[in-house]
Amino acid sequence: MPGALPAPDPDHVAAWRGVTVRYPHQKRDAVGPVTLELETGEHLLLLGPSGAGKSTLLDTLTGLVPHVIPAAVGGAVVALGVAAGSRSPAEWAQHIARHFQDADQTLCGMRVDDEIAFALENQGLAAETIRTRVAAAMRDVGIDEAWRGRRTTTLSGGERQLVALAATLAQASRVLLVDEPTSHLAPLAANRLHRLLMTRQPGRSVLIVDHRLDGLIAAIDRVAVLGSDGGIVAEGPPAALFRAHADRLDAAGVWRPLASHLDTALATRGVAPPQPPASIDDVMGHLAGLGHADRAMARQALTPLVTAALPRAPIAGPPDREIIVQLSAADCAPFLGPVVLRNVDLTIARGEILGILGANGAGKSTLGLSLAGLVRLKGGAREGKPGGVAFQNPENQFVSGSVREEIEAALAVRGTEAARPEAGDKVLAGWGLGHAASQHPFELSHGQKRRLALATLTAGGRWPLLVLDEPMAGLDAAAAADLALQIEALAASGHALALITHDMDLALRLCRRCVVVGEGTILADASTAKVMANPALLARAGLAPPVFKPVLDWFSEAAP
Amino acid sequence: MSLSDHLWQFRLSQLHPLPKLIVCLIWLVAAIVVFDARFQLFTIVLAAAALVLFNRSSLWLVLGLMIPFALFGVGFLTTSILFRDGSDFAGKMAAEAPFVSEGVSAGIVLFLRAIACGMVSALFTLTTDPGDLVKALMKDWRLSPRIGYALFSALNLVPDLASEAQQIRLARAMKRGGSPRRIPGLIEGFSLMLPLLAFAIRRASRAAIAMEARGLTGQGRRTILGAPVPALRDAVFAGSALALLACMLR
């Protein structure tokens, strides 16, 4: 066993000094050179575009890279006063808790209570202490006691993420390394998790990577931004950093909180807050204090943002449109599983983007599969042609050896074989995948995999209905903006789309109509505006209003 | 509570995994050694009845479970009939059995033995939680946690593969334009092998990283929470099963 750690450094618990990481057979470094410190008790947010090396950097602190995942690591990584490489990743687990971006990397496939207890058992803690900590972690995270005996592989993606977080928090480590902890969580659960992670605890330092910044940023002390070249491009207190580097962050495809976007917009008319805002509340407080003339200027300044936050297509009610799919008194069940939704009546029309909202495990994905006709109903009826589904895990729908082969296989349903390569080139170029044509689909970045999945679904023109299951999860800002435009274009071209999402702002922007799933049925089927304006319904379904809602309310009140 | 009530509420999954494992292993050895069609038949019926009565397994599931073992056993049967000169020992042993010829008789015993061994194995796996088994092995038989959790991952691979196969079948069915059949055909089954192998490799490496990152070292003191505790019913079960076996072998 390794010796005891030295006394905690009064200044920092982790340091990367000129660190570079290069994976085998790669021509460029995955990250670095990076020089960064995590101070004692600090909450540090690490941002960067997809592929910048954020997760790799976290893996170096506990030695997963290079001890378990082979790579050449340059520079010095110091954890709790000693070289990170002086101990094995397992030996670091007692002091540094690691939550991975993919919940399946944190979890080992056990029952829920065993998963949460696993790291504590490895530390040899007393059984009673473990039981107490497991119960507390389950309560804090909001895990139902009924889940205790369920295997984590039987849970939905969001439910697994909750268990992974409970397992991480139960460790009560001095350092928490958390990678995208809320990407698959419903809004209420995400808000609760952000509060839990960001509650100050004596001596606990947190390094978090997350794209969901609103609700998180107010509890962050410092932000470090990794550029696409793998180095730190900006670093500092969040509010000041987002004001000073807004253009640079946008150009790099890095997410910014709404408060920062509002600040930038207000600055164009000279009515930005004197101090950079740290939260949406700061901006709303500033707007409330403006005089008449400045209010008008602020309204002008925010108009482009408000326009972008709402659906663009002209309003047309479903009765005027062709119904693409209709479910009548449908009992929906997953493939070979029991009924999870009963008595569902639902239609979706050509050119419509229907939002499907609900808590984790409510049955949204099952409803999507039922709409597409991919799983048989246990009761009721479905009318309409089959639909295509972009699965939550895009890897599930790739069957070919290269990106080009995937596209050409999708094109096989139309046109001649001779025309296929040329048509394939067009599709690849249209989805920004031309440079990756010869790569295996599994080698693509997460954003590229999502684009490829959508490209294969739309290339053949077979499906009038497309079901998109959490399409934005794990994407950086640039990829998400690009995908939102593609979704709008698909609707404009006559597809009906069902968008399963936890992102209420995305639903507000893209969907004129939403269904809320919960309690084993459809709780509401109404215009998005009505759904978002019903706090009781949202709370009942584990949802929260869009972050943008206070701005819309102010915009209405400030109308001339 | 009366004895019949106790029996009605009893489940094989409540038993401690290790006594159950020992009983099943002894019975397996007996099924291999005893060359008697009546014993093999009794073992099959007993295992099937135990699954239906004390695990609430459906009769169709139990009959379905026998199919792969029966297919395996058919190989023995045909080999014995066609090449009976090669199975001298089996022939002599089966000569006492009440079947028409030595070859057919030996083949039928071998056929039944394949099903009997399969059903005893199924009885254990269907009524034992892999987590409980690994905990019991680590606590009572001092199995190394590294080996224990590797075994745990391997035991869980089958249901995980089934779940992954469902996802892949859904995606492929979508590309064909329809919903998947409940049971995949032969061609579909073969086409799933490569992606499932890739999944198994990915799953194993992810589980290894997850366990390492959460402090599984295989050294030093480790707490084992919720390990099964032996109870009187385990002794009753083991005693009854072994007494029954002894009676059959007399």
# chains A, B, ... in the order shown; residues from 1 in each chain; ligands from 1

call {"tool": "select_by_dssp", "arguments": {"residues": "stretch 110-206 of chain B", "states": "helix (DSSP H, G or I)", "output": "ChimeraX atom specification"}}
result
/B:110-126,130-140,145-176,186-206

call {"tool": "closest_atom_pairs", "arguments": {"of": "chain B", "to": "chain A", "cutoff": "6 Å", "atoms": "only C-alpha atoms", "output": "Markdown table"}}
result
| residue | atom | partner | partner_atom | distance |
| --- | --- | --- | --- | --- |
| B:Ile168 | CA | A:Asn396 | CA | 5.5 |
| B:Ala171 | CA | A:Gln397 | CA | 5.1 |
| B:Ser179 | CA | A:Leu374 | CA | 4.6 |
| B:Arg206 | CA | A:Gln105 | CA | 5.4 |
| B:Ala207 | CA | A:Cys108 | CA | 5.2 |
| B:Ala210 | CA | A:Thr106 | CA | 5.0 |
| B:Glu212 | CA | A:Ala90 | CA | 4.9 |
| B:Ala213 | CA | A:Ala90 | CA | 5.4 |
| B:Arg214 | CA | A:Ala119 | CA | 5.0 |
| B:Gly215 | CA | A:Ala90 | CA | 3.8 |
| B:Leu216 | CA | A:Asn122 | CA | 5.7 |
| B:Thr217 | CA | A:Ala90 | CA | 6.0 |
| B:Arg221 | CA | A:Gly124 | CA | 5.6 |
| B:Arg222 | CA | A:Gly124 | CA | 4.3 |
| B:Thr223 | CA | A:Glu121 | CA | 4.6 |

call {"tool": "closest_residue", "arguments": {"among": "B:Met211, B:Ala31, B:Ala48, B:Leu133", "to": "B:Leu112", "atoms": "only C-alpha atoms"}}
result
B:Ala31

call {"tool": "residues_around", "arguments": {"residues": "B:Val120", "least_positions_apart": "5", "cutoff": "8 Å", "atoms": "only C-alpha atoms", "output": "PyMOL selection string"}}
result
chain B and resi 24+27-28+43-44+47

call {"tool": "write_last_selection", "arguments": {"atoms": "all heavy atoms", "output": "PDB file, in the first residue's frame"}}
result
ATOM      1  N   CYS B  24     -26.073 -28.714  -6.160  1.00  0.00           N
ATOM      2  CA  CYS B  24     -26.203 -28.827  -7.620  1.00  0.00           C
ATOM      3  C   CYS B  24     -24.971 -29.504  -8.217  1.00  0.00           C
ATOM      4  O   CYS B  24     -25.098 -30.308  -9.153  1.00  0.00           O
ATOM      5  CB  CYS B  24     -26.402 -27.439  -8.240  1.00  0.00           C
ATOM      6  SG  CYS B  24     -28.038 -26.764  -7.912  1.00  0.00           S
ATOM      7  N   TRP B  27     -25.175 -33.213  -7.513  1.00  0.00           N
ATOM      8  CA  TRP B  27     -26.195 -33.827  -8.370  1.00  0.00           C
ATOM      9  C   TRP B  27     -25.698 -33.925  -9.822  1.00  0.00           C
ATOM     10  O   TRP B  27     -25.975 -34.888 -10.529  1.00  0.00           O
ATOM     11  CB  TRP B  27     -27.515 -33.049  -8.287  1.00  0.00           C
ATOM     12  CG  TRP B  27     -28.694 -33.951  -8.530  1.00  0.00           C
ATOM     13  CD1 TRP B  27     -29.011 -34.576  -9.698  1.00  0.00           C
ATOM     14  CD2 TRP B  27     -29.675 -34.362  -7.587  1.00  0.00           C
ATOM     15  NE1 TRP B  27     -30.139 -35.337  -9.550  1.00  0.00           N
ATOM     16  CE2 TRP B  27     -30.575 -35.232  -8.264  1.00  0.00           C
ATOM     17  CE3 TRP B  27     -29.895 -34.075  -6.228  1.00  0.00           C
ATOM     18  CZ2 TRP B  27     -31.673 -35.813  -7.647  1.00  0.00           C
ATOM     19  CZ3 TRP B  27     -31.003 -34.650  -5.614  1.00  0.00           C
ATOM     20  CH2 TRP B  27     -31.873 -35.525  -6.312  1.00  0.00           C
ATOM     21  N   LEU B  28     -24.953 -32.920 -10.258  1.00  0.00           N
ATOM     22  CA  LEU B  28     -24.384 -32.947 -11.616  1.00  0.00           C
ATOM     23  C   LEU B  28     -23.416 -34.128 -11.768  1.00  0.00           C
ATOM     24  O   LEU B  28     -23.452 -34.842 -12.774  1.00  0.00           O
ATOM     25  CB  LEU B  28     -23.619 -31.647 -11.903  1.00  0.00           C
ATOM     26  CG  LEU B  28     -24.413 -30.486 -12.498  1.00  0.00           C
ATOM     27  CD1 LEU B  28     -23.543 -29.248 -12.612  1.00  0.00           C
ATOM     28  CD2 LEU B  28     -24.956 -30.852 -13.876  1.00  0.00           C
ATOM     29  N   THR B  43     -34.245 -36.747 -12.530  1.00  0.00           N
ATOM     30  CA  THR B  43     -33.537 -35.471 -12.320  1.00  0.00           C
ATOM     31  C   THR B  43     -34.191 -34.348 -13.127  1.00  0.00           C
ATOM     32  O   THR B  43     -34.401 -33.236 -12.621  1.00  0.00           O
ATOM     33  CB  THR B  43     -32.049 -35.626 -12.725  1.00  0.00           C
ATOM     34  OG1 THR B  43     -31.480 -36.667 -11.941  1.00  0.00           O
ATOM     35  CG2 THR B  43     -31.283 -34.344 -12.518  1.00  0.00           C
ATOM     36  N   ILE B  44     -34.535 -34.680 -14.369  1.00  0.00           N
ATOM     37  CA  ILE B  44     -35.164 -33.647 -15.231  1.00  0.00           C
ATOM     38  C   ILE B  44     -36.502 -33.212 -14.636  1.00  0.00           C
ATOM     39  O   ILE B  44     -36.781 -32.015 -14.497  1.00  0.00           O
ATOM     40  CB  ILE B  44     -35.374 -34.208 -16.668  1.00  0.00           C
ATOM     41  CG1 ILE B  44     -34.021 -34.465 -17.325  1.00  0.00           C
ATOM     42  CG2 ILE B  44     -36.203 -33.242 -17.510  1.00  0.00           C
ATOM     43  CD1 ILE B  44     -34.113 -35.304 -18.597  1.00  0.00           C
ATOM     44  N   ALA B  47     -35.988 -31.195 -11.339  1.00  0.00           N
ATOM     45  CA  ALA B  47     -35.494 -29.821 -11.553  1.00  0.00           C
ATOM     46  C   ALA B  47     -36.605 -28.954 -12.143  1.00  0.00           C
ATOM     47  O   ALA B  47     -36.799 -27.802 -11.732  1.00  0.00           O
ATOM     48  CB  ALA B  47     -34.276 -29.846 -12.474  1.00  0.00           C
TER      49      ALA B  47
END

call {"tool": "residues_around", "arguments": {"residues": "B:Ala198", "least_positions_apart": "5", "cutoff": "12 Å", "atoms": "only C-alpha atoms", "output": "PDB file with N, CA and C atoms, in the first residue's frame"}}
result
ATOM      1  N   GLU A 395     -24.787   4.924 -31.662  1.00  0.00           N
ATOM      2  CA  GLU A 395     -24.004   3.755 -32.102  1.00  0.00           C
ATOM      3  C   GLU A 395     -24.902   2.568 -32.433  1.00  0.00           C
ATOM      4  N   ASN A 396     -26.082   2.519 -31.782  1.00  0.00           N
ATOM      5  CA  ASN A 396     -26.972   1.372 -31.977  1.00  0.00           C
ATOM      6  C   ASN A 396     -27.466   1.232 -33.410  1.00  0.00           C
ATOM      7  N   VAL A 399     -24.387   0.005 -38.747  1.00  0.00           N
ATOM      8  CA  VAL A 399     -24.126  -1.400 -39.048  1.00  0.00           C
ATOM      9  C   VAL A 399     -23.017  -1.568 -40.086  1.00  0.00           C
ATOM     10  N   PHE A 442     -17.885   4.382 -35.379  1.00  0.00           N
ATOM     11  CA  PHE A 442     -17.591   4.432 -33.947  1.00  0.00           C
ATOM     12  C   PHE A 442     -16.414   5.349 -33.624  1.00  0.00           C
TER      13      PHE A 442
ATOM     14  N   LEU B 161     -26.042  -8.689 -22.887  1.00  0.00           N
ATOM     15  CA  LEU B 161     -25.985  -8.962 -24.329  1.00  0.00           C
ATOM     16  C   LEU B 161     -27.392  -9.028 -24.909  1.00  0.00           C
ATOM     17  N   GLU B 164     -28.643  -5.488 -25.294  1.00  0.00           N
ATOM     18  CA  GLU B 164     -27.983  -4.816 -26.417  1.00  0.00           C
ATOM     19  C   GLU B 164     -28.514  -5.370 -27.737  1.00  0.00           C
ATOM     20  N   ALA B 165     -28.703  -6.691 -27.779  1.00  0.00           N
ATOM     21  CA  ALA B 165     -29.212  -7.315 -29.001  1.00  0.00           C
ATOM     22  C   ALA B 165     -30.586  -6.740 -29.351  1.00  0.00           C
ATOM     23  N   LEU B 192     -25.928 -10.957 -35.681  1.00  0.00           N
ATOM     24  CA  LEU B 192     -25.775 -10.192 -34.432  1.00  0.00           C
ATOM     25  C   LEU B 192     -24.463 -10.514 -33.721  1.00  0.00           C
ATOM     26  N   MET B 193     -23.828 -11.634 -34.132  1.00  0.00           N
ATOM     27  CA  MET B 193     -22.683 -12.118 -33.340  1.00  0.00           C
ATOM     28  C   MET B 193     -21.538 -11.102 -33.280  1.00  0.00           C
ATOM     29  N   ARG B 203     -17.952  -3.536 -23.102  1.00  0.00           N
ATOM     30  CA  ARG B 203     -18.580  -3.613 -21.772  1.00  0.00           C
ATOM     31  C   ARG B 203     -17.550  -4.056 -20.729  1.00  0.00           C
ATOM     32  N   ALA B 204     -16.728  -5.044 -21.109  1.00  0.00           N
ATOM     33  CA  ALA B 204     -15.743  -5.563 -20.163  1.00  0.00           C
ATOM     34  C   ALA B 204     -14.702  -4.500 -19.838  1.00  0.00           C
ATOM     35  N   SER B 205     -14.252  -3.760 -20.858  1.00  0.00           N
ATOM     36  CA  SER B 205     -13.215  -2.750 -20.573  1.00  0.00           C
ATOM     37  C   SER B 205     -13.804  -1.600 -19.758  1.00  0.00           C
TER      38      SER B 205
END

call {"tool": "residues_around", "arguments": {"residues": "B:Ala37", "least_positions_apart": "5", "cutoff": "8 Å", "atoms": "only C-alpha atoms", "output": "JSON, numbers by chain"}}
result
{"B": [97, 108, 109, 112, 113]}

call {"tool": "residues_around", "arguments": {"residues": "B:Gly107", "least_positions_apart": "4", "cutoff": "8 Å", "atoms": "only C-alpha atoms", "output": "number ranges by chain"}}
result
B: 76-81, 103, 111

call {"tool": "decode", "arguments": {"residues": "stretch 344-359 of chain A", "atoms": "all heavy atoms", "output": "PDB file, in the first residue's frame"}}
result
ATOM      1  N   VAL A 344     -53.145   6.170 -24.763  1.00  0.00           N
ATOM      2  CA  VAL A 344     -52.522   7.348 -25.387  1.00  0.00           C
ATOM      3  C   VAL A 344     -53.257   7.677 -26.685  1.00  0.00           C
ATOM      4  O   VAL A 344     -53.364   6.838 -27.576  1.00  0.00           O
ATOM      5  CB  VAL A 344     -51.032   7.072 -25.685  1.00  0.00           C
ATOM      6  CG1 VAL A 344     -50.428   8.211 -26.480  1.00  0.00           C
ATOM      7  CG2 VAL A 344     -50.269   6.837 -24.390  1.00  0.00           C
ATOM      8  N   ASP A 345     -53.749   8.917 -26.766  1.00  0.00           N
ATOM      9  CA  ASP A 345     -54.315   9.438 -28.023  1.00  0.00           C
ATOM     10  C   ASP A 345     -53.403  10.549 -28.494  1.00  0.00           C
ATOM     11  O   ASP A 345     -53.208  11.542 -27.777  1.00  0.00           O
ATOM     12  CB  ASP A 345     -55.735   9.990 -27.795  1.00  0.00           C
ATOM     13  CG  ASP A 345     -56.721   8.877 -27.493  1.00  0.00           C
ATOM     14  OD1 ASP A 345     -56.807   7.936 -28.294  1.00  0.00           O
ATOM     15  OD2 ASP A 345     -57.388   8.947 -26.434  1.00  0.00           O
ATOM     16  N   LEU A 346     -52.853  10.411 -29.682  1.00  0.00           N
ATOM     17  CA  LEU A 346     -51.854  11.387 -30.130  1.00  0.00           C
ATOM     18  C   LEU A 346     -51.798  11.406 -31.645  1.00  0.00           C
ATOM     19  O   LEU A 346     -51.846  10.359 -32.284  1.00  0.00           O
ATOM     20  CB  LEU A 346     -50.481  10.975 -29.554  1.00  0.00           C
ATOM     21  CG  LEU A 346     -49.314  11.937 -29.702  1.00  0.00           C
ATOM     22  CD1 LEU A 346     -49.618  13.274 -29.042  1.00  0.00           C
ATOM     23  CD2 LEU A 346     -48.059  11.338 -29.088  1.00  0.00           C
ATOM     24  N   THR A 347     -51.707  12.610 -32.201  1.00  0.00           N
ATOM     25  CA  THR A 347     -51.489  12.724 -33.653  1.00  0.00           C
ATOM     26  C   THR A 347     -50.260  13.586 -33.882  1.00  0.00           C
ATOM     27  O   THR A 347     -49.894  14.404 -33.034  1.00  0.00           O
ATOM     28  CB  THR A 347     -52.672  13.408 -34.363  1.00  0.00           C
ATOM     29  OG1 THR A 347     -52.857  14.698 -33.773  1.00  0.00           O
ATOM     30  CG2 THR A 347     -53.932  12.588 -34.256  1.00  0.00           C
ATOM     31  N   ILE A 348     -49.640  13.394 -35.034  1.00  0.00           N
ATOM     32  CA  ILE A 348     -48.537  14.275 -35.425  1.00  0.00           C
ATOM     33  C   ILE A 348     -48.683  14.552 -36.913  1.00  0.00           C
ATOM     34  O   ILE A 348     -48.967  13.640 -37.703  1.00  0.00           O
ATOM     35  CB  ILE A 348     -47.166  13.677 -35.042  1.00  0.00           C
ATOM     36  CG1 ILE A 348     -46.048  14.647 -35.395  1.00  0.00           C
ATOM     37  CG2 ILE A 348     -46.919  12.318 -35.639  1.00  0.00           C
ATOM     38  CD1 ILE A 348     -44.739  14.339 -34.686  1.00  0.00           C
ATOM     39  N   ALA A 349     -48.548  15.832 -37.262  1.00  0.00           N
ATOM     40  CA  ALA A 349     -48.864  16.258 -38.631  1.00  0.00           C
ATOM     41  C   ALA A 349     -47.600  16.550 -39.427  1.00  0.00           C
ATOM     42  O   ALA A 349     -46.529  16.777 -38.854  1.00  0.00           O
ATOM     43  CB  ALA A 349     -49.745  17.509 -38.579  1.00  0.00           C
ATOM     44  N   ARG A 350     -47.739  16.560 -40.737  1.00  0.00           N
ATOM     45  CA  ARG A 350     -46.614  16.876 -41.624  1.00  0.00           C
ATOM     46  C   ARG A 350     -46.063  18.271 -41.296  1.00  0.00           C
ATOM     47  O   ARG A 350     -46.831  19.210 -41.082  1.00  0.00           O
ATOM     48  CB  ARG A 350     -47.103  16.842 -43.079  1.00  0.00           C
ATOM     49  CG  ARG A 350     -46.014  17.103 -44.106  1.00  0.00           C
ATOM     50  CD  ARG A 350     -46.543  16.964 -45.524  1.00  0.00           C
ATOM     51  NE  ARG A 350     -46.969  15.598 -45.820  1.00  0.00           N
ATOM     52  CZ  ARG A 350     -46.133  14.593 -46.095  1.00  0.00           C
ATOM     53  NH1 ARG A 350     -44.829  14.811 -46.110  1.00  0.00           N
ATOM     54  NH2 ARG A 350     -46.600  13.399 -46.353  1.00  0.00           N
ATOM     55  N   GLY A 351     -44.755  18.394 -41.221  1.00  0.00           N
ATOM     56  CA  GLY A 351     -44.121  19.693 -40.973  1.00  0.00           C
ATOM     57  C   GLY A 351     -44.124  20.115 -39.517  1.00  0.00           C
ATOM     58  O   GLY A 351     -43.636  21.193 -39.177  1.00  0.00           O
ATOM     59  N   GLU A 352     -44.659  19.259 -38.660  1.00  0.00           N
ATOM     60  CA  GLU A 352     -44.761  19.622 -37.245  1.00  0.00           C
ATOM     61  C   GLU A 352     -43.559  19.090 -36.458  1.00  0.00           C
ATOM     62  O   GLU A 352     -43.040  18.015 -36.763  1.00  0.00           O
ATOM     63  CB  GLU A 352     -46.036  19.012 -36.665  1.00  0.00           C
ATOM     64  CG  GLU A 352     -46.326  19.447 -35.232  1.00  0.00           C
ATOM     65  CD  GLU A 352     -47.624  18.839 -34.682  1.00  0.00           C
ATOM     66  OE1 GLU A 352     -48.073  17.802 -35.207  1.00  0.00           O
ATOM     67  OE2 GLU A 352     -48.159  19.416 -33.737  1.00  0.00           O
ATOM     68  N   ILE A 353     -43.105  19.859 -35.454  1.00  0.00           N
ATOM     69  CA  ILE A 353     -42.109  19.344 -34.505  1.00  0.00           C
ATOM     70  C   ILE A 353     -42.820  19.242 -33.164  1.00  0.00           C
ATOM     71  O   ILE A 353     -43.166  20.252 -32.553  1.00  0.00           O
ATOM     72  CB  ILE A 353     -40.876  20.264 -34.386  1.00  0.00           C
ATOM     73  CG1 ILE A 353     -40.288  20.590 -35.763  1.00  0.00           C
ATOM     74  CG2 ILE A 353     -39.816  19.620 -33.498  1.00  0.00           C
ATOM     75  CD1 ILE A 353     -39.133  21.580 -35.726  1.00  0.00           C
ATOM     76  N   LEU A 354     -43.057  17.999 -32.744  1.00  0.00           N
ATOM     77  CA  LEU A 354     -43.786  17.755 -31.493  1.00  0.00           C
ATOM     78  C   LEU A 354     -42.776  17.481 -30.379  1.00  0.00           C
ATOM     79  O   LEU A 354     -41.931  16.591 -30.518  1.00  0.00           O
ATOM     80  CB  LEU A 354     -44.707  16.542 -31.672  1.00  0.00           C
ATOM     81  CG  LEU A 354     -45.382  16.024 -30.398  1.00  0.00           C
ATOM     82  CD1 LEU A 354     -46.487  16.982 -29.950  1.00  0.00           C
ATOM     83  CD2 LEU A 354     -45.962  14.626 -30.618  1.00  0.00           C
ATOM     84  N   GLY A 355     -42.865  18.231 -29.294  1.00  0.00           N
ATOM     85  CA  GLY A 355     -41.982  17.983 -28.147  1.00  0.00           C
ATOM     86  C   GLY A 355     -42.554  16.876 -27.263  1.00  0.00           C
ATOM     87  O   GLY A 355     -43.754  16.845 -27.012  1.00  0.00           O
ATOM     88  N   ILE A 356     -41.709  15.956 -26.833  1.00  0.00           N
ATOM     89  CA  ILE A 356     -42.131  14.931 -25.861  1.00  0.00           C
ATOM     90  C   ILE A 356     -41.314  15.158 -24.601  1.00  0.00           C
ATOM     91  O   ILE A 356     -40.090  14.995 -24.596  1.00  0.00           O
ATOM     92  CB  ILE A 356     -41.920  13.502 -26.419  1.00  0.00           C
ATOM     93  CG1 ILE A 356     -42.748  13.315 -27.694  1.00  0.00           C
ATOM     94  CG2 ILE A 356     -42.303  12.462 -25.384  1.00  0.00           C
ATOM     95  CD1 ILE A 356     -42.622  11.926 -28.329  1.00  0.00           C
ATOM     96  N   LEU A 357     -42.000  15.601 -23.543  1.00  0.00           N
ATOM     97  CA  LEU A 357     -41.334  16.002 -22.301  1.00  0.00           C
ATOM     98  C   LEU A 357     -41.753  15.077 -21.165  1.00  0.00           C
ATOM     99  O   LEU A 357     -42.840  14.488 -21.201  1.00  0.00           O
ATOM    100  CB  LEU A 357     -41.719  17.443 -21.936  1.00  0.00           C
ATOM    101  CG  LEU A 357     -41.614  18.498 -23.038  1.00  0.00           C
ATOM    102  CD1 LEU A 357     -42.185  19.831 -22.535  1.00  0.00           C
ATOM    103  CD2 LEU A 357     -40.162  18.680 -23.464  1.00  0.00           C
ATOM    104  N   GLY A 358     -40.926  14.974 -20.148  1.00  0.00           N
ATOM    105  CA  GLY A 358     -41.289  14.162 -18.983  1.00  0.00           C
ATOM    106  C   GLY A 358     -40.075  13.852 -18.136  1.00  0.00           C
ATOM    107  O   GLY A 358     -38.930  14.074 -18.563  1.00  0.00           O
ATOM    108  N   ALA A 359     -40.333  13.323 -16.953  1.00  0.00           N
ATOM    109  CA  ALA A 359     -39.239  13.002 -16.028  1.00  0.00           C
ATOM    110  C   ALA A 359     -38.461  11.791 -16.540  1.00  0.00           C
ATOM    111  O   ALA A 359     -38.898  11.100 -17.468  1.00  0.00           O
ATOM    112  CB  ALA A 359     -39.814  12.711 -14.640  1.00  0.00           C
TER     113      ALA A 359
END
